[in-house]
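Worksheet: the structure to be examined is printed underneath.
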Amino acid sequence: MNGKIGRDLSVARSILLNNGVVGIPTETVYGLAANALSQEAVLKVFEIKNRPKFDPLIVHGASLSQLSEFVHKIPEPLLRIAEKVWPGPLTIVTTKKELIPDLVTSGLDTVAIRVPQHSLTIELLKSLPFPLAAPSANPFTYVSPTRPEHVMHQLGSKVGYILDGGACSVGLESTILGYKNGHVQVLRLGGMSVEQIQSLAESPLQFPKSNENQSIPGNFKKHYSNGREMIDISDLEAVVPLSNEARLFYSKPQNPGPSDYWLTDSNNLNEAARNVFQRLRQLDQPNIDKIYFEKAPDEGLGRAINDRLNRASEKR
Ligand code: TXA
Ligand code: MG
């Protein structure tokens with residue numbers, strides 16, 4: 001089954017040059033990549049994921065200077081942050097040039113861009129004459145993939161090749177920043193903590209709510225779901241799980257039982273971030289109907305972890 005997972009950049013490159021789709025590793029999650037300048041190639045990405053066309057994609061480049069060809073002047077405050085963080089788990093939304101097809105941006109006049117931090121993918125991007133549009137490589141609304149096997153398992157039959165870059169080192173999607181009325185806005189919490197971004201920004205960050213304006217397309221409530229009912233419980237130790245139930249702790253409990261799972265052995269937010277999607281996948285088992293979970297501490301990457309757990313627990 002593993003014929004399609006490998007580390008051969010020339011295979012990945014030739015598929016992409018021929019308008020095909022490849023699974024690519026990044027530090028955040030695996031992406032489903034296609035030539036961002038080809039409407040035909042990008043259409044395949046939407047079809048494979050079963051993703052609605054009003055949910056725009058992120059365009060990945062090897063460097064800020066490569067990506068600059070496809071956008072108008074980037075607002076100074078976003079540029080300053082991107083220069084310090086890239087390559088890294090950050091995406092910025094800025095005004096696009098015509099070269100980027102409307103399909104990529106769902107018809108918006110802005111495009112989301114990022115330089116990922118993964119040596120294989122950077123090498124691939126450098127070898128291509130175009131940037132790569134890539135959403136996370138999971139079926140629409142399901143848990144994001146953090147290992148090549150995750151992509152193989154769900155989309156293997158539809159994807160030409162999956163580039164094996166091992167387990168993702170961050171494990172949560174990039175933090176997305178926009179700029180409006182003179183303020184840097186956090187459009188999606190993610191793998192770069194708000195505290196780190198605030199330390200690089202010159203004025204206080206804003207956090208628009210998705211229902212307050214239209215700047216966060218595709219930021220659906222229900223997302224990252226493994227199909228199980230998930231219930232947020234503050235005193236998780238007090239819950240006694242039935243045979244079809246599991247408990248998902250933040251930190252390893254004192255005396256774990258067979259239906260107990262946890263995000264970190266040692267109260268470490270980075271470890272918890274790396275594990276959260278893997279745990280949600282492990283819990284996608286026929287004998288589990290309901291998952292009781294507790295939140296991570298509401299700081300650093302804990303805020304993004306809690307965002308993913310909250311969305312995974314949304315009813316619809
Ligand atoms: O870490 C990541 O960002 C991963 C890896 C593969 O790079 N990608 C990822 O893509 O998470 P995806 O498609 O799962 O999420 C992209 C989100 C969209 O749902 C939307 O909320 C936002 O990016 N987005 C894209 N273009 C936008 C735009 N022009 N304006 C505002 N938000 C945008
Ligand atoms: Mg996604």
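Every chain in the structure tokens has a letter given in the order shown (A, B, ...), and although residue numbers restart at 1 in each chain, ligands are simply numbered from 1 in the order shown.
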
Could you give me, as a PyMOL selection string, the residues within 7 Å of Val111 in chain A, counting only C-alpha atoms and dropping anything in the same chain fewer than 4 positions from it?
-> chain A and resi 93-96+105

Export of prior selection with all heavy atoms as a PDB file, in the first residue's frame:
```pdb
ATOM      1  N   VAL A  93      -2.681  37.329   4.997  1.00  0.00           N
ATOM      2  CA  VAL A  93      -3.676  37.589   3.952  1.00  0.00           C
ATOM      3  C   VAL A  93      -3.426  38.995   3.417  1.00  0.00           C
ATOM      4  O   VAL A  93      -3.378  39.962   4.188  1.00  0.00           O
ATOM      5  CB  VAL A  93      -5.107  37.474   4.521  1.00  0.00           C
ATOM      6  CG1 VAL A  93      -6.140  37.907   3.484  1.00  0.00           C
ATOM      7  CG2 VAL A  93      -5.377  36.035   4.977  1.00  0.00           C
ATOM      8  N   THR A  94      -3.233  39.089   2.097  1.00  0.00           N
ATOM      9  CA  THR A  94      -2.891  40.383   1.507  1.00  0.00           C
ATOM     10  C   THR A  94      -3.472  40.466   0.081  1.00  0.00           C
ATOM     11  O   THR A  94      -3.954  39.461  -0.439  1.00  0.00           O
ATOM     12  CB  THR A  94      -1.347  40.566   1.551  1.00  0.00           C
ATOM     13  OG1 THR A  94      -1.018  41.891   1.181  1.00  0.00           O
ATOM     14  CG2 THR A  94      -0.630  39.574   0.653  1.00  0.00           C
ATOM     15  N   THR A  95      -3.424  41.658  -0.509  1.00  0.00           N
ATOM     16  CA  THR A  95      -4.102  41.838  -1.804  1.00  0.00           C
ATOM     17  C   THR A  95      -3.393  41.084  -2.921  1.00  0.00           C
ATOM     18  O   THR A  95      -2.174  41.199  -3.078  1.00  0.00           O
ATOM     19  CB  THR A  95      -4.159  43.336  -2.165  1.00  0.00           C
ATOM     20  OG1 THR A  95      -4.536  44.048  -1.002  1.00  0.00           O
ATOM     21  CG2 THR A  95      -5.178  43.604  -3.248  1.00  0.00           C
ATOM     22  N   LYS A  96      -4.156  40.356  -3.713  1.00  0.00           N
ATOM     23  CA  LYS A  96      -3.549  39.500  -4.741  1.00  0.00           C
ATOM     24  C   LYS A  96      -3.413  40.205  -6.080  1.00  0.00           C
ATOM     25  O   LYS A  96      -4.135  41.157  -6.371  1.00  0.00           O
ATOM     26  CB  LYS A  96      -4.383  38.236  -4.909  1.00  0.00           C
ATOM     27  CG  LYS A  96      -5.559  38.363  -5.866  1.00  0.00           C
ATOM     28  CD  LYS A  96      -6.255  37.031  -6.022  1.00  0.00           C
ATOM     29  CE  LYS A  96      -7.405  37.124  -7.026  1.00  0.00           C
ATOM     30  NZ  LYS A  96      -7.023  36.832  -8.397  1.00  0.00           N
ATOM     31  N   THR A 105      -8.786  31.786  -4.437  1.00  0.00           N
ATOM     32  CA  THR A 105      -9.150  32.743  -3.385  1.00  0.00           C
ATOM     33  C   THR A 105     -10.659  32.864  -3.217  1.00  0.00           C
ATOM     34  O   THR A 105     -11.139  33.785  -2.553  1.00  0.00           O
ATOM     35  CB  THR A 105      -8.568  34.127  -3.715  1.00  0.00           C
ATOM     36  OG1 THR A 105      -9.141  34.564  -4.949  1.00  0.00           O
ATOM     37  CG2 THR A 105      -7.057  34.079  -3.840  1.00  0.00           C
TER      38      THR A 105
END
```

Considering only C-alpha atoms, tabulate each residue of range 132-196 of chain A that lies at most 9 Å from range 286-301 of chain A along with its nearest interatomic pair and the corresponding distance in Å to one decimal; arrange the rows by chain and ascending residue number and present them as JSON lines.
```
{"residue": "A:Leu172", "atom": "CA", "partner": "A:Leu301", "partner_atom": "CA", "distance": 8.8}
{"residue": "A:Leu189", "atom": "CA", "partner": "A:Leu301", "partner_atom": "CA", "distance": 8.5}
{"residue": "A:Gly190", "atom": "CA", "partner": "A:Leu301", "partner_atom": "CA", "distance": 7.2}
{"residue": "A:Gly191", "atom": "CA", "partner": "A:Leu301", "partner_atom": "CA", "distance": 6.6}
{"residue": "A:Met192", "atom": "CA", "partner": "A:Leu301", "partner_atom": "CA", "distance": 7.2}
{"residue": "A:Ser193", "atom": "CA", "partner": "A:Gly300", "partner_atom": "CA", "distance": 5.0}
{"residue": "A:Val194", "atom": "CA", "partner": "A:Gly300", "partner_atom": "CA", "distance": 6.7}
{"residue": "A:Glu195", "atom": "CA", "partner": "A:Gly300", "partner_atom": "CA", "distance": 6.5}
{"residue": "A:Gln196", "atom": "CA", "partner": "A:Gly300", "partner_atom": "CA", "distance": 8.2}
```

For the selection just defined, write its residues with all heavy atoms to a file, as a compact mmCIF listing (two decimals), in the first residue's frame.
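The result, written out as selection_19.txt:
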```
# COMPACT_ATOMS: atom_id res chain seq x y z
N LEU A 172 -0.30 21.77 14.47
CA LEU A 172 -1.52 22.59 14.31
C LEU A 172 -1.31 23.46 13.08
O LEU A 172 -0.18 23.88 12.82
CB LEU A 172 -1.70 23.52 15.50
CG LEU A 172 -2.00 22.93 16.86
CD1 LEU A 172 -1.91 24.02 17.92
CD2 LEU A 172 -3.40 22.31 16.86
N LEU A 189 -6.40 31.12 14.98
CA LEU A 189 -5.35 30.72 15.93
C LEU A 189 -4.62 29.53 15.33
O LEU A 189 -5.22 28.73 14.61
CB LEU A 189 -5.98 30.32 17.27
CG LEU A 189 -6.69 31.42 18.05
CD1 LEU A 189 -7.49 30.82 19.21
CD2 LEU A 189 -5.69 32.44 18.57
N GLY A 190 -3.34 29.38 15.65
CA GLY A 190 -2.61 28.26 15.05
C GLY A 190 -1.25 28.05 15.68
O GLY A 190 -1.02 28.40 16.84
N GLY A 191 -0.35 27.49 14.88
CA GLY A 191 0.92 26.98 15.37
C GLY A 191 1.92 28.02 15.84
O GLY A 191 2.97 27.67 16.37
N MET A 192 1.63 29.30 15.63
CA MET A 192 2.47 30.35 16.22
C MET A 192 1.61 31.04 17.25
O MET A 192 0.53 31.52 16.93
CB MET A 192 2.91 31.31 15.12
CG MET A 192 3.59 32.55 15.61
SD MET A 192 5.22 32.82 14.86
CE MET A 192 6.16 31.39 15.29
N SER A 193 2.09 31.08 18.49
CA SER A 193 1.21 31.56 19.56
C SER A 193 0.95 33.07 19.43
O SER A 193 1.77 33.82 18.88
CB SER A 193 1.80 31.24 20.93
OG SER A 193 2.88 32.11 21.19
N VAL A 194 -0.18 33.48 19.94
CA VAL A 194 -0.56 34.89 19.94
C VAL A 194 0.48 35.72 20.70
O VAL A 194 0.83 36.83 20.29
CB VAL A 194 -1.96 35.03 20.59
CG1 VAL A 194 -2.25 36.46 20.96
CG2 VAL A 194 -3.02 34.48 19.64
N GLU A 195 1.01 35.15 21.79
CA GLU A 195 2.02 35.87 22.58
C GLU A 195 3.25 36.16 21.72
O GLU A 195 3.80 37.26 21.74
CB GLU A 195 2.44 35.05 23.81
CG GLU A 195 1.37 34.91 24.88
CD GLU A 195 0.43 33.71 24.66
OE1 GLU A 195 0.28 33.25 23.51
OE2 GLU A 195 -0.15 33.25 25.65
N GLN A 196 3.68 35.13 20.93
CA GLN A 196 4.86 35.35 20.07
C GLN A 196 4.57 36.41 19.01
O GLN A 196 5.41 37.27 18.76
CB GLN A 196 5.22 34.04 19.35
CG GLN A 196 6.03 33.08 20.20
CD GLN A 196 6.16 31.75 19.46
OE1 GLN A 196 5.16 31.08 19.22
NE2 GLN A 196 7.37 31.39 19.12
```

Excluding same-chain residues fewer than 4 positions from Asn275 in chain A, what lies within 7 Å of it counting only C-alpha atoms, as a ChimeraX atom specification?
-> /A:171,263,271,279

Contact table chain A vs ligand 1, cut-off 8 Å, shortest pair per residue, only C-alpha atoms and all ligand atoms, as CSV:
```
residue,atom,partner,partner_atom_place_in_ligand_line,distance
A:Ile24,CA,ligand 1,6 (C),7.7
A:Pro25,CA,ligand 1,6 (C),7.6
A:Thr26,CA,ligand 1,5 (C),6.3
A:Glu27,CA,ligand 1,1 (O),7.6
A:Thr28,CA,ligand 1,1 (O),4.7
A:Val29,CA,ligand 1,5 (C),5.4
A:Tyr30,CA,ligand 1,6 (C),5.2
A:Gly31,CA,ligand 1,6 (C),3.6
A:Leu32,CA,ligand 1,6 (C),6.9
A:Asp55,CA,ligand 1,19 (O),5.4
A:Pro56,CA,ligand 1,25 (C),4.4
A:Leu57,CA,ligand 1,25 (C),4.7
A:Ile58,CA,ligand 1,25 (C),5.1
A:His60,CA,ligand 1,7 (O),7.1
A:Pro89,CA,ligand 1,1 (O),6.1
A:Leu90,CA,ligand 1,3 (O),7.2
A:Thr91,CA,ligand 1,3 (O),6.5
A:Val93,CA,ligand 1,30 (N),5.5
A:Thr94,CA,ligand 1,29 (N),7.2
A:Val104,CA,ligand 1,26 (N),7.8
A:Thr105,CA,ligand 1,29 (N),5.4
A:Ser106,CA,ligand 1,29 (N),7.7
A:Leu108,CA,ligand 1,29 (N),6.0
A:Asp109,CA,ligand 1,29 (N),7.1
A:Thr110,CA,ligand 1,29 (N),4.4
A:Val111,CA,ligand 1,29 (N),3.9
A:Ala112,CA,ligand 1,26 (N),4.3
A:Ile113,CA,ligand 1,26 (N),7.9
A:Arg114,CA,ligand 1,7 (O),7.3
A:Pro116,CA,ligand 1,7 (O),6.6
A:Ala134,CA,ligand 1,6 (C),5.5
A:Pro135,CA,ligand 1,13 (O),3.3
A:Ser136,CA,ligand 1,14 (O),4.2
A:Ala137,CA,ligand 1,6 (C),7.1
A:Ser144,CA,ligand 1,14 (O),7.7
A:Leu172,CA,ligand 1,1 (O),6.6
A:Glu173,CA,ligand 1,1 (O),3.3
A:Ser174,CA,ligand 1,1 (O),3.7
A:Thr175,CA,ligand 1,3 (O),7.0
A:Ile176,CA,ligand 1,23 (O),7.0
A:Gly178,CA,ligand 1,31 (C),7.3
A:Leu187,CA,ligand 1,32 (N),6.9
A:Arg188,CA,ligand 1,21 (O),7.1
A:Gly190,CA,ligand 1,1 (O),7.7
A:Gly191,CA,ligand 1,1 (O),7.5
A:Ser215,CA,ligand 1,31 (C),5.4
A:Ile216,CA,ligand 1,31 (C),4.8
A:Pro217,CA,ligand 1,21 (O),5.1
A:Gly218,CA,ligand 1,19 (O),4.4
A:Asn219,CA,ligand 1,21 (O),4.5
A:Phe220,CA,ligand 1,19 (O),7.8
```

Nearest to Ile81 in chain A, chosen from A:Asp102, A:His150, A:Asp307, A:Leu64, with only C-alpha atoms counted in the distances |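 Going through A:Asp102, A:His150, A:Asp307, A:Leu64 one by one, the smallest distance to Ile81 in chain A is for A:Leu64.
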
Among the residues A:Phe140, A:Tyr261, A:Trp86, A:Tyr161, the one that comes closest to Ala34 in chain A [using only C-alpha atoms] | A:Tyr161

Members of range 92-307 of chain A assigned strand (DSSP E or B) by DSSP, as an NGL selection string | :A and (92-96 or 110-114 or 132-133 or 136 or 142 or 161-163 or 175-180 or 183-188 or 206 or 225 or 229-232 or 245-251 or 260-264 or 290-293)

Give me the residues near Leu99 in chain A as a short mmCIF file (atom, residue, chain, number, x, y, z; two decimals) with C-alpha atoms, in the first residue's frame, where near means some atom within 12 Å (using only C-alpha atoms) and where sequence neighbours in that chain fewer than 5 positions away do not count.
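Output file part33.cif is given in full below:
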```
data_model
loop_
_atom_site.label_atom_id
_atom_site.label_comp_id
_atom_site.auth_asym_id
_atom_site.auth_seq_id
_atom_site.Cartn_x
_atom_site.Cartn_y
_atom_site.Cartn_z
CA ASN A 35 0.10 24.40 -9.08
CA ALA A 36 -1.43 27.57 -7.62
CA LEU A 37 -1.41 29.26 -11.04
CA SER A 38 -3.38 26.49 -12.77
CA GLN A 39 -7.14 26.49 -12.40
CA LEU A 67 5.55 35.08 -3.09
CA SER A 68 5.93 38.85 -3.53
CA GLU A 69 5.53 38.37 -7.30
CA PHE A 70 1.90 37.38 -6.78
CA VAL A 71 0.70 40.09 -4.41
CA HIS A 72 0.55 43.89 -4.27
CA VAL A 104 -7.76 29.76 -5.28
CA THR A 105 -9.15 32.74 -3.39
CA ASP A 109 -9.30 40.19 -3.94
CA VAL A 111 -4.82 35.77 -1.07
CA PHE A 130 5.12 28.14 -9.63
CA PRO A 131 3.92 28.32 -6.00
#
```
